[in-house]
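In what follows, a single structure is set out as structure tokens and then discussed.
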Amino acid sequence: MARKRDNGPGGLIVVDKPAGFTSHDVVAKLRGMARTRRVGHAGTLDPMATGVLVVGTERSTRLLGHLALTEKEYVATVRLGQETVTEDAEGEITAAKGAKDLDRARVEAAVAGLTGEIEQVPSSVSAVKVDGKRAYARIRDGEQVELAARPVTVSSFVVHDIREETAEDGTPVTDLLVSVVCSSGTYVRALARDLGAALDTGGHLTALRRTRVGPYRLEGAYTLEQLQGRMDAGEPLPVLPLGEAAAAAFERWDVDEEDARRIGNGVQLRMPAGRKGDGPVAVFGPGDRFVALVAESGGRAKSLAVFV
């Protein structure tokens, strides 16, 4: 029987998720490679989507829920002229008005209306819970689902290319190659749906690739094949150590040994002055030792997770 590896505190692995895999499928693969059950991911990607999926092992899994709340970046293809039940190419077509000869200025104006701080109704097949049950499960069971709009921030929504195409059913459609930078909780397929509604054409996603989660970019991601190749060659997984992962993703606060001990014991010290933002802060003690992730509460540091 293979001996279990000593994975220590663990760390993060940035995976380039392939199409057709759920985020849980990727986690299951990494559990086998890392030989540990303690593996999780930050920010779910739909099976159709590809790109950056941040996976954590061992104690670094305690960072994942906070990493999931960071800004994300995507490239996508929006098809105008057809609507689907899932708002992406995986679902059945429910309307096909067609879209051709669209004026670019009109498209850009509709995109501008979906940029900035907006109210967005999540996709009806999202994981949002309705009376304790996931919306997608209710849709699957044949129920009608109406979700409330929620505030999200679309920092950037850019149209890079406009192409007229013909869909498989013969409908004339227009495909937009776009890039989106947005806050956690933003549904890119809902942007495609709302863009189609604004242009009175209908719309859905035909491709989605996540290129960034917080500071972690596609350029530093590994495919599952690359990771398996390393394992087959007897090489270790390319894990970003816990402290480095925290320092890259969160504002840093260096403290002395005494304050490190107190924070590690749950004492709520006063937060430092001159902070850059209002998100979680990674606390480091002497020797670059990662102590805890904290958040400000009434001017004091409330521990979100302790790592010593």
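Chain labels follow the order of the structure tokens: the first chain is A, the next B, and so on; residue numbering restarts at 1 in every chain, and ligands are counted from 1 in their shown order.
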
- [ ] Can you pull out every residue within 12 Å of A:Leu208, counting only C-alpha atoms, but drop anything in the same chain fewer than 3 positions away, and send it as an MDAnalysis selection string?
- [x] chainID A and resid 17:19 45:52 73:79 87:90 176:180 187:189 192 204:205 211

TODO: Would you please extract all alpha helix (DSSP H) residues from stretch 6-113 of chain A, as assigned by DSSP on the backbone, and give them as a PyMOL selection string?
DONE: chain A and resi 23-34+61-67+104-112

TODO: Enumerate the residues of stretch 70-253 of chain A with a DSSP assignment of strand (DSSP E or B), computed from the backbone, and present them as number ranges by chain.
DONE: A: 72-80, 83-84, 88, 93-95, 116-120, 129-130, 133-134, 150-166, 172-182, 203-213, 216-217, 222, 240-241, 251-253

Write the residues of the selection above to a file with C-alpha atoms, as a PDB file, in the first residue's frame.
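Saved the output as selection37.pdb:
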ATOM      1  CA  LYS A  72     -12.418  37.669 -11.050  1.00  0.00           C
ATOM      2  CA  GLU A  73     -11.655  38.102 -14.738  1.00  0.00           C
ATOM      3  CA  TYR A  74     -13.084  36.251 -17.750  1.00  0.00           C
ATOM      4  CA  VAL A  75     -13.049  36.086 -21.523  1.00  0.00           C
ATOM      5  CA  ALA A  76     -16.304  34.877 -23.060  1.00  0.00           C
ATOM      6  CA  THR A  77     -18.326  34.531 -26.227  1.00  0.00           C
ATOM      7  CA  VAL A  78     -21.857  35.938 -26.067  1.00  0.00           C
ATOM      8  CA  ARG A  79     -24.256  34.741 -28.750  1.00  0.00           C
ATOM      9  CA  LEU A  80     -26.989  37.238 -29.591  1.00  0.00           C
ATOM     10  CA  GLU A  83     -31.969  32.294 -25.618  1.00  0.00           C
ATOM     11  CA  THR A  84     -31.498  29.058 -23.695  1.00  0.00           C
ATOM     12  CA  ASP A  88     -25.415  29.088 -21.830  1.00  0.00           C
ATOM     13  CA  ILE A  93     -32.951  26.841 -26.926  1.00  0.00           C
ATOM     14  CA  THR A  94     -36.126  28.559 -25.756  1.00  0.00           C
ATOM     15  CA  ALA A  95     -36.275  31.482 -28.225  1.00  0.00           C
ATOM     16  CA  GLY A 116     -20.249  49.502 -12.958  1.00  0.00           C
ATOM     17  CA  GLU A 117     -22.306  48.911  -9.839  1.00  0.00           C
ATOM     18  CA  ILE A 118     -25.443  47.190 -11.070  1.00  0.00           C
ATOM     19  CA  GLU A 119     -28.346  45.120  -9.770  1.00  0.00           C
ATOM     20  CA  GLN A 120     -28.206  41.643 -11.284  1.00  0.00           C
ATOM     21  CA  LYS A 129     -30.647  28.801  -2.472  1.00  0.00           C
ATOM     22  CA  VAL A 130     -34.416  29.363  -2.559  1.00  0.00           C
ATOM     23  CA  LYS A 133     -32.950  24.368  -2.039  1.00  0.00           C
ATOM     24  CA  ARG A 134     -30.533  25.265  -4.840  1.00  0.00           C
ATOM     25  CA  ARG A 150     -28.509  41.628  -5.933  1.00  0.00           C
ATOM     26  CA  PRO A 151     -25.785  44.277  -6.183  1.00  0.00           C
ATOM     27  CA  VAL A 152     -22.633  43.306  -8.083  1.00  0.00           C
ATOM     28  CA  THR A 153     -19.773  45.278  -9.579  1.00  0.00           C
ATOM     29  CA  VAL A 154     -18.683  44.883 -13.197  1.00  0.00           C
ATOM     30  CA  SER A 155     -15.432  46.839 -13.263  1.00  0.00           C
ATOM     31  CA  SER A 156     -14.846  46.241 -16.959  1.00  0.00           C
ATOM     32  CA  PHE A 157     -17.005  44.852 -19.784  1.00  0.00           C
ATOM     33  CA  VAL A 158     -15.284  45.191 -23.162  1.00  0.00           C
ATOM     34  CA  VAL A 159     -16.358  44.008 -26.620  1.00  0.00           C
ATOM     35  CA  HIS A 160     -13.274  42.935 -28.607  1.00  0.00           C
ATOM     36  CA  ASP A 161     -14.895  41.466 -31.712  1.00  0.00           C
ATOM     37  CA  ILE A 162     -18.308  41.199 -33.384  1.00  0.00           C
ATOM     38  CA  ARG A 163     -18.952  38.365 -35.836  1.00  0.00           C
ATOM     39  CA  GLU A 164     -22.100  37.399 -37.722  1.00  0.00           C
ATOM     40  CA  GLU A 165     -22.661  33.630 -37.777  1.00  0.00           C
ATOM     41  CA  THR A 166     -25.349  31.091 -38.570  1.00  0.00           C
ATOM     42  CA  PRO A 172     -28.717  34.215 -38.032  1.00  0.00           C
ATOM     43  CA  VAL A 173     -26.795  35.164 -34.878  1.00  0.00           C
ATOM     44  CA  THR A 174     -24.095  37.586 -33.808  1.00  0.00           C
ATOM     45  CA  ASP A 175     -21.222  36.442 -31.617  1.00  0.00           C
ATOM     46  CA  LEU A 176     -19.397  38.889 -29.374  1.00  0.00           C
ATOM     47  CA  LEU A 177     -15.932  38.172 -27.998  1.00  0.00           C
ATOM     48  CA  VAL A 178     -15.856  39.992 -24.652  1.00  0.00           C
ATOM     49  CA  SER A 179     -13.756  40.322 -21.520  1.00  0.00           C
ATOM     50  CA  VAL A 180     -15.235  40.929 -18.075  1.00  0.00           C
ATOM     51  CA  VAL A 181     -13.711  41.937 -14.732  1.00  0.00           C
ATOM     52  CA  CYS A 182     -16.218  41.598 -11.927  1.00  0.00           C
ATOM     53  CA  GLY A 203     -28.570  36.098 -25.689  1.00  0.00           C
ATOM     54  CA  HIS A 204     -26.570  33.351 -24.024  1.00  0.00           C
ATOM     55  CA  LEU A 205     -22.971  32.261 -23.453  1.00  0.00           C
ATOM     56  CA  THR A 206     -21.294  29.842 -25.834  1.00  0.00           C
ATOM     57  CA  ALA A 207     -17.833  29.947 -24.212  1.00  0.00           C
ATOM     58  CA  LEU A 208     -16.408  31.085 -20.880  1.00  0.00           C
ATOM     59  CA  ARG A 209     -12.812  31.067 -19.707  1.00  0.00           C
ATOM     60  CA  ARG A 210     -11.748  32.438 -16.318  1.00  0.00           C
ATOM     61  CA  THR A 211      -8.345  34.077 -16.593  1.00  0.00           C
ATOM     62  CA  ARG A 212      -7.920  35.375 -13.033  1.00  0.00           C
ATOM     63  CA  VAL A 213      -9.092  34.857  -9.460  1.00  0.00           C
ATOM     64  CA  TYR A 216      -3.873  34.125  -9.423  1.00  0.00           C
ATOM     65  CA  ARG A 217      -3.722  34.191 -13.204  1.00  0.00           C
ATOM     66  CA  TYR A 222      -1.417  23.926 -14.614  1.00  0.00           C
ATOM     67  CA  LEU A 240       2.221  27.654  -3.483  1.00  0.00           C
ATOM     68  CA  PRO A 241       3.037  27.557   0.245  1.00  0.00           C
ATOM     69  CA  GLU A 251      -3.112  42.878   2.658  1.00  0.00           C
ATOM     70  CA  ARG A 252      -0.174  42.112   4.964  1.00  0.00           C
ATOM     71  CA  TRP A 253       0.316  43.065   8.623  1.00  0.00           C
TER      72      TRP A 253
END

Open item on the list: Report, in Å with one decimal, the straight-line distance from atom CA of A:Met271 to atom CA of A:Ala247.
Closed with: 17.2 Å

Open item on the list: Please list as number ranges by chain every residue within 10 Å of stretch 38-41 of chain A, counting only C-alpha atoms and excluding residues in the same chain fewer than 5 positions away.
Closed with: A: 10-15, 23-24, 26-32, 53-65, 67-68

Task: Gap from atom CA of A:Ala190 to atom CA of A:Gln82 - Å, one decimal - done: 13.8 Å

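In this structure, atom CA of A:Ala148 sits 17.2 Å away from atom CA of A:Thr86.
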
Task: Neighbour list for A:Phe284 as a PyMOL selection string, cut-off 8 Å, only C-alpha atoms, skip fewer than 5 positions in-chain - done: chain A and resi 252-255+260+289-292

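Nearest residue to A:Asp101 among A:Thr201, A:Asp25, A:Lys302, A:Asp16 is A:Thr201, counting only C-alpha atoms.
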
Task: Residue nearest A:Ala96 among A:Ala167, A:Ala149, A:Val111, A:Met33 (counting only C-alpha atoms) - done: A:Ala167
